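Notes follow the structure.
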Amino acid sequence: MLNYKLLCLTMASFAWECFFCFFPSLLLLLLSLALRWPRVRSWTRLAVRAAGWRLWIIICLILELPLDRNTRALTKEVRSPGTDVLSGSGQASDGPRLICKATALAKYLLRHCGSLARPRLASWPRGDPHIQTLYSMLCGQHEDTLQFTRDNLLLRDGGIVALDWAVGTRQGEPIGKKKWEGRREHQSGGKALGCFTATPPVLIVIPQSWGGVTPHLKALCHQAVRQGFYVVVFHARGTAGCPLTTARRTEFGDPADLEQAVAYVHSRHPSSALVAVSEGSGSGILLSYLGESGSSSYLLAAAAISPVLLGQLWFETAMPPLYRWGVLFHRKMQLSRYGSSFRGVLDVDRALSCSSLRDFEEALSCSSAQLQQTDATPPLSSQNSGLSSGSHSQQGLAPSVAWTLGERAYPAKDWDSYWERNEPLRDADEVAVPVLCVCSRDDPLLPPASTLPLPLFQSNPYFLLALTDRGGHCGFTLEGGSTSNEEVEDGNWSHVAVLEYFRVVADFLKGEEREKTSWGGPPGEYCQAGQRSRTGNVAPPRRRKATMMRRLRLQVPEQSGVDGEEGNFTWKRSYTR
């Protein structure tokens with residue numbers, strides 16, 4: 001009897017051990033069988049999504065990141081009649097909305113630029129604004145296979161900017177041989193820009209104002225190279241390894257360096273169409289260049305992804321701490337590298353102790369926050385410089401250099417006067433080439449979408465705004481499987497939209513030129529820009545007075561649909577400036 005009880009206990013213990021041993025495998029088997037049922041699979045997906053969403057809320061609260069900011073701030077404005085001209089209808093759309101004045105160019109874009117309406121942007125979690133923003137800044141969408149060669153361009157004041165030319169990929173694929181075999185395919189959705197069939201167009205890429213090439217920008221360069229562009233990345237003085245040879249930094253809206261770089265690129269490729277695209281705060285110098293150059297610009301068209309349209313407001317608006325400290329750390333590292341050269345003209349220690357972007361910018365750019373010294377700038381040490389002993393401080397520039405720089409040879413008196421000469425849209429009414437701004441209403445790095453200067457886009461025929469509900473800052477990730485186009489391998493809608501926009505604008509201007517020529521009249525406005533980009537000479541530098549942004553001129557026009565009258569506006573460029 002005792003042996004029988006021991007045997008039963010042994011068998012029971014063995015059974016329990018087997019049960020606990022095979023229980024995980026049995027559980028996985030039952031779960032896999034259950035997930036074969038559509039209803040169970042749907043419930044599981046919802047449960048995992050809900051748990052992930054609650055976990056993400058906790059993370060955002062800890063990091064002080066805003067949740068779904070400004071998703072409905074502009075619903076009434078952007079969907080009002082005459083404002084949203086997407087697809088030529090007044091119906092709401094889940095895709096991007098094109099906000100612009102009803103012109104012939106706008107109609108042409110709506111008919112031929114399908115990327116402005118077709119793709120659907122990713123939803124949460126891939127479509128979360130913070131995930132998209134951090135991914136575009138820190139993570140690559142594919143391996144970095146693009147190779148660059150650098151030109152250091154000597155400027156008129158002795159400074160240097162860097163131009164990185166994309167020359168090929170690490171797989172040995174050169175640029176220029178096979179890229180233009182299909183340049184005539186653009187009429188059926190091909191890759192080519194379509195304006196000049198003899199030479200490839202040149203794409204000038206402008207990074208963020210604090211310098212460096214993000215993975216988002218590398219992906220754009222890679223996509224542009226695949227479509228046959230010559231790609232060149234503009235690096236401001238003292239950024240991205242560019243040597244600093246003068247104790248002068250580039251102000252937020254100072255286009256003088258970019259103007260000389262564009263003229264140099266044009267001299268290297270006089271027969272190519274020049275287009276430019278900026279990333280984030282890099283729009284400051286791009287929009288300033290377009291406004292100051294006016295009708296003498298060498299660019300055929302321009303685009304800005306997540307642009308800073310109102311610079312002063314951007315600096316004065318509180319940024320989430322995670323992004324603010326990241327940007328400040330990057331900029332302070334740049335300043336500390338050349339701290340010994342700037343100490344004669346700047347209060348470097350005060351700038352390095354700033355805890356906000358506004359205080360940092362004010363300490364670097366305003367005379368009220370700088371040391372009042374007139375001595376020459378001391379030379380940099382051989383370890384971290386490029387400054388020579390003959391360099392001058394901002395107060396001791398040579399007369400010819402001071403005349404060339406004008407008011408920018410000296411720091412601004414105060415914060416307001418700094419923005420009188422650096423606001424990106426201060427000369428918006430002088431812009432004479434089409435500009436596409438790609439913005440998202442949930443951008444965590446920019447001010448609320450309700451502050452967008454919508455009257456500018458509604459009244460100025462050269463400014464177009466593609467506004468999306470989701471996208472983050474330079475994110476704009478596409479929903480998986482939303483498009484079958486093989487071009488969209490990186491899943492970024494803004495890249496596809498911008499490159500297609502350049503092609504469509506070039507086609508439109510080419511048609512304008514052909515139509516004007518057939519009627520015996522003068523060529524269209526943008527066509528004159530294309531002709532000038534091929535044959536014009538470098539214009540001499542101009543001295544300009546500080547001007548305020550023309551807010552009073554940005555009046556909302558009368559409401560009219562895309563099929564309404566275009567008024568007396570023509571595409572003939574005026575040279576009366």
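Chains: A, B, ... in order of the structure tokens. Residues: from 1 per chain. Ligands: from 1, in order shown.
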Item to complete: Write out as a PyMOL selection string all residues of segment 249-384 of chain A that backbone DSSP assigns to helix (DSSP H, G or I).
Response: chain A and resi 256-268+280-296+311-316+321-337+339-342+348-352+357-365+367-369
Discussion item. Could you list, as a list of chain:residue names, every residue within 9 Å of segment 256-265 of chain A, counting only C-alpha atoms and ignoring same-chain residues fewer than 5 positions away?
Written reply: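 The neighbour list is A:Leu153, A:Leu155, A:Arg156, A:Gly159, A:Ile160, A:Val161, A:Ala162, A:Leu163, A:Val202, A:Ile204, A:Val232, A:Phe234, A:Ala236, A:Arg237, A:Thr250, A:Pro270, A:Leu274, A:Ile285, A:Leu286, A:Tyr289, A:Ser293, A:Ser297, A:Tyr298, A:Leu299, A:Leu405, A:Asn537, A:Val538, A:Ala539, A:Pro541.
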Keeping only N, CA and C atoms, write those residues as a PDB file, in the first residue's frame.
```pdb
ATOM      1  N   LEU A 153      34.902  77.030 -51.245  1.00  0.00           N
ATOM      2  CA  LEU A 153      34.723  78.246 -52.036  1.00  0.00           C
ATOM      3  C   LEU A 153      35.151  79.450 -51.204  1.00  0.00           C
ATOM      4  N   LEU A 155      35.157  83.239 -50.317  1.00  0.00           N
ATOM      5  CA  LEU A 155      34.181  84.311 -50.465  1.00  0.00           C
ATOM      6  C   LEU A 155      34.866  85.668 -50.547  1.00  0.00           C
ATOM      7  N   ARG A 156      34.071  86.689 -50.824  1.00  0.00           N
ATOM      8  CA  ARG A 156      34.631  88.022 -51.020  1.00  0.00           C
ATOM      9  C   ARG A 156      35.264  88.585 -49.750  1.00  0.00           C
ATOM     10  N   GLY A 159      36.063  84.624 -46.133  1.00  0.00           N
ATOM     11  CA  GLY A 159      35.498  83.425 -45.544  1.00  0.00           C
ATOM     12  C   GLY A 159      35.437  82.272 -46.531  1.00  0.00           C
ATOM     13  N   ILE A 160      35.082  81.105 -46.036  1.00  0.00           N
ATOM     14  CA  ILE A 160      35.017  79.899 -46.858  1.00  0.00           C
ATOM     15  C   ILE A 160      33.719  79.162 -46.560  1.00  0.00           C
ATOM     16  N   VAL A 161      33.040  78.728 -47.619  1.00  0.00           N
ATOM     17  CA  VAL A 161      31.914  77.813 -47.501  1.00  0.00           C
ATOM     18  C   VAL A 161      32.263  76.544 -48.266  1.00  0.00           C
ATOM     19  N   ALA A 162      31.636  75.445 -47.882  1.00  0.00           N
ATOM     20  CA  ALA A 162      31.928  74.150 -48.492  1.00  0.00           C
ATOM     21  C   ALA A 162      30.769  73.724 -49.380  1.00  0.00           C
ATOM     22  N   LEU A 163      31.107  73.151 -50.516  1.00  0.00           N
ATOM     23  CA  LEU A 163      30.127  72.594 -51.445  1.00  0.00           C
ATOM     24  C   LEU A 163      30.475  71.131 -51.661  1.00  0.00           C
ATOM     25  N   VAL A 202      20.802  70.814 -61.719  1.00  0.00           N
ATOM     26  CA  VAL A 202      21.611  70.840 -60.499  1.00  0.00           C
ATOM     27  C   VAL A 202      20.687  71.127 -59.329  1.00  0.00           C
ATOM     28  N   ILE A 204      20.595  72.129 -55.501  1.00  0.00           N
ATOM     29  CA  ILE A 204      21.356  72.693 -54.385  1.00  0.00           C
ATOM     30  C   ILE A 204      20.608  72.390 -53.093  1.00  0.00           C
ATOM     31  N   VAL A 232      24.450  68.994 -55.052  1.00  0.00           N
ATOM     32  CA  VAL A 232      25.504  69.685 -54.314  1.00  0.00           C
ATOM     33  C   VAL A 232      24.900  70.185 -53.003  1.00  0.00           C
ATOM     34  N   PHE A 234      25.204  72.568 -49.736  1.00  0.00           N
ATOM     35  CA  PHE A 234      25.812  73.822 -49.292  1.00  0.00           C
ATOM     36  C   PHE A 234      26.031  73.780 -47.777  1.00  0.00           C
ATOM     37  N   ALA A 236      27.437  76.104 -44.616  1.00  0.00           N
ATOM     38  CA  ALA A 236      27.828  77.444 -44.196  1.00  0.00           C
ATOM     39  C   ALA A 236      29.187  77.412 -43.518  1.00  0.00           C
ATOM     40  N   ARG A 237      29.791  78.574 -43.383  1.00  0.00           N
ATOM     41  CA  ARG A 237      31.135  78.678 -42.796  1.00  0.00           C
ATOM     42  C   ARG A 237      31.140  78.154 -41.357  1.00  0.00           C
ATOM     43  N   THR A 250      27.567  83.150 -40.033  1.00  0.00           N
ATOM     44  CA  THR A 250      26.432  83.429 -40.913  1.00  0.00           C
ATOM     45  C   THR A 250      25.185  83.661 -40.077  1.00  0.00           C
ATOM     46  N   PRO A 270      26.763  76.223 -66.628  1.00  0.00           N
ATOM     47  CA  PRO A 270      25.988  77.345 -67.175  1.00  0.00           C
ATOM     48  C   PRO A 270      24.782  76.920 -67.989  1.00  0.00           C
ATOM     49  N   LEU A 274      19.045  75.280 -62.421  1.00  0.00           N
ATOM     50  CA  LEU A 274      19.387  75.253 -61.003  1.00  0.00           C
ATOM     51  C   LEU A 274      18.115  75.292 -60.178  1.00  0.00           C
ATOM     52  N   ILE A 285      18.068  81.208 -45.025  1.00  0.00           N
ATOM     53  CA  ILE A 285      18.916  81.818 -46.044  1.00  0.00           C
ATOM     54  C   ILE A 285      18.347  81.594 -47.441  1.00  0.00           C
ATOM     55  N   LEU A 286      17.623  80.502 -47.671  1.00  0.00           N
ATOM     56  CA  LEU A 286      17.053  80.268 -49.001  1.00  0.00           C
ATOM     57  C   LEU A 286      15.979  81.300 -49.322  1.00  0.00           C
ATOM     58  N   TYR A 289      17.530  84.683 -49.760  1.00  0.00           N
ATOM     59  CA  TYR A 289      18.194  84.804 -51.063  1.00  0.00           C
ATOM     60  C   TYR A 289      17.191  85.071 -52.172  1.00  0.00           C
ATOM     61  N   SER A 293      17.502  88.580 -54.118  1.00  0.00           N
ATOM     62  CA  SER A 293      17.921  88.492 -55.522  1.00  0.00           C
ATOM     63  C   SER A 293      16.787  88.836 -56.470  1.00  0.00           C
ATOM     64  N   SER A 297      17.658  86.101 -59.744  1.00  0.00           N
ATOM     65  CA  SER A 297      18.062  84.815 -59.195  1.00  0.00           C
ATOM     66  C   SER A 297      18.376  83.830 -60.313  1.00  0.00           C
ATOM     67  N   TYR A 298      19.393  82.995 -60.073  1.00  0.00           N
ATOM     68  CA  TYR A 298      19.731  81.954 -61.034  1.00  0.00           C
ATOM     69  C   TYR A 298      18.851  80.719 -60.894  1.00  0.00           C
ATOM     70  N   LEU A 299      18.048  80.641 -59.858  1.00  0.00           N
ATOM     71  CA  LEU A 299      17.249  79.449 -59.604  1.00  0.00           C
ATOM     72  C   LEU A 299      16.014  79.434 -60.492  1.00  0.00           C
ATOM     73  N   LEU A 405      29.700  94.014 -47.395  1.00  0.00           N
ATOM     74  CA  LEU A 405      28.790  93.422 -46.413  1.00  0.00           C
ATOM     75  C   LEU A 405      27.696  94.381 -45.995  1.00  0.00           C
ATOM     76  N   ASN A 537      25.459  86.488 -66.482  1.00  0.00           N
ATOM     77  CA  ASN A 537      26.726  86.646 -65.790  1.00  0.00           C
ATOM     78  C   ASN A 537      26.473  86.885 -64.318  1.00  0.00           C
ATOM     79  N   VAL A 538      27.532  86.760 -63.538  1.00  0.00           N
ATOM     80  CA  VAL A 538      27.399  86.969 -62.109  1.00  0.00           C
ATOM     81  C   VAL A 538      27.151  88.441 -61.843  1.00  0.00           C
ATOM     82  N   ALA A 539      26.082  88.731 -61.121  1.00  0.00           N
ATOM     83  CA  ALA A 539      25.746  90.119 -60.836  1.00  0.00           C
ATOM     84  C   ALA A 539      26.642  90.649 -59.732  1.00  0.00           C
ATOM     85  N   PRO A 541      27.751  92.601 -56.310  1.00  0.00           N
ATOM     86  CA  PRO A 541      27.046  92.659 -55.026  1.00  0.00           C
ATOM     87  C   PRO A 541      26.302  93.969 -54.878  1.00  0.00           C
TER      88      PRO A 541
END
```
Fill in: Two-atom distance - atom CA of Arg324 of chain A, atom CA of Ser123 of chain A (Å)
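Atom-to-atom, atom CA of Arg324 of chain A to atom CA of Ser123 of chain A, that is 25.5 Å.
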Discussion item. Could you tell me how far atom CA of Asn460 of chain A sits from atom CA of Lys107 of chain A, in Å to one decimal place?
Written reply: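 We find that atom CA of Lys107 of chain A and atom CA of Asn460 of chain A lie 14.9 Å from each other.
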Worksheet entry | Within 6 Å of Ala276 of chain A using only C-alpha atoms, minus same-chain residues under 4 positions, as a PyMOL selection string | chain A and resi 203-205+302
Worksheet item: Distance atom CA of Val167 of chain A-atom CA of Gln147 of chain A, one decimal place?
Response: 5.9 Å
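The closest residue to Asp469 of chain A, picked from A:Ala122, A:Leu29, A:Leu499, A:Val225 and counting only C-alpha atoms, is A:Ala122.
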Under the rule of at most 10 Å, produce a per-residue listing of segment 224-272 of chain A near segment 330-346 of chain A: chain, number, name, the closest pair of atoms, and the distance in Å, as a Markdown table, using only C-alpha atoms.
```
| residue | atom | partner | partner_atom | distance |
| --- | --- | --- | --- | --- |
| A:Gly238 | CA | A:Gln334 | CA | 7.4 |
| A:Thr239 | CA | A:Gln334 | CA | 7.2 |
| A:Ala240 | CA | A:Gln334 | CA | 9.3 |
| A:Gly241 | CA | A:Gln334 | CA | 9.8 |
| A:Leu244 | CA | A:Tyr338 | CA | 8.0 |
| A:Thr245 | CA | A:Ser341 | CA | 9.7 |
| A:Thr246 | CA | A:Ser341 | CA | 8.6 |
| A:Ala247 | CA | A:Phe342 | CA | 6.0 |
| A:Arg248 | CA | A:Phe342 | CA | 8.3 |
| A:Arg249 | CA | A:Phe342 | CA | 9.6 |
```
Discussion item. Taking only C-alpha atoms into account, name the residue in A:His130, A:Gly228, A:Val435, A:Phe508 that is nearest to Ile59 of chain A.
Written reply: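 Between A:His130, A:Gly228, A:Val435, A:Phe508, the residue approaching Ile59 of chain A most closely is A:His130.
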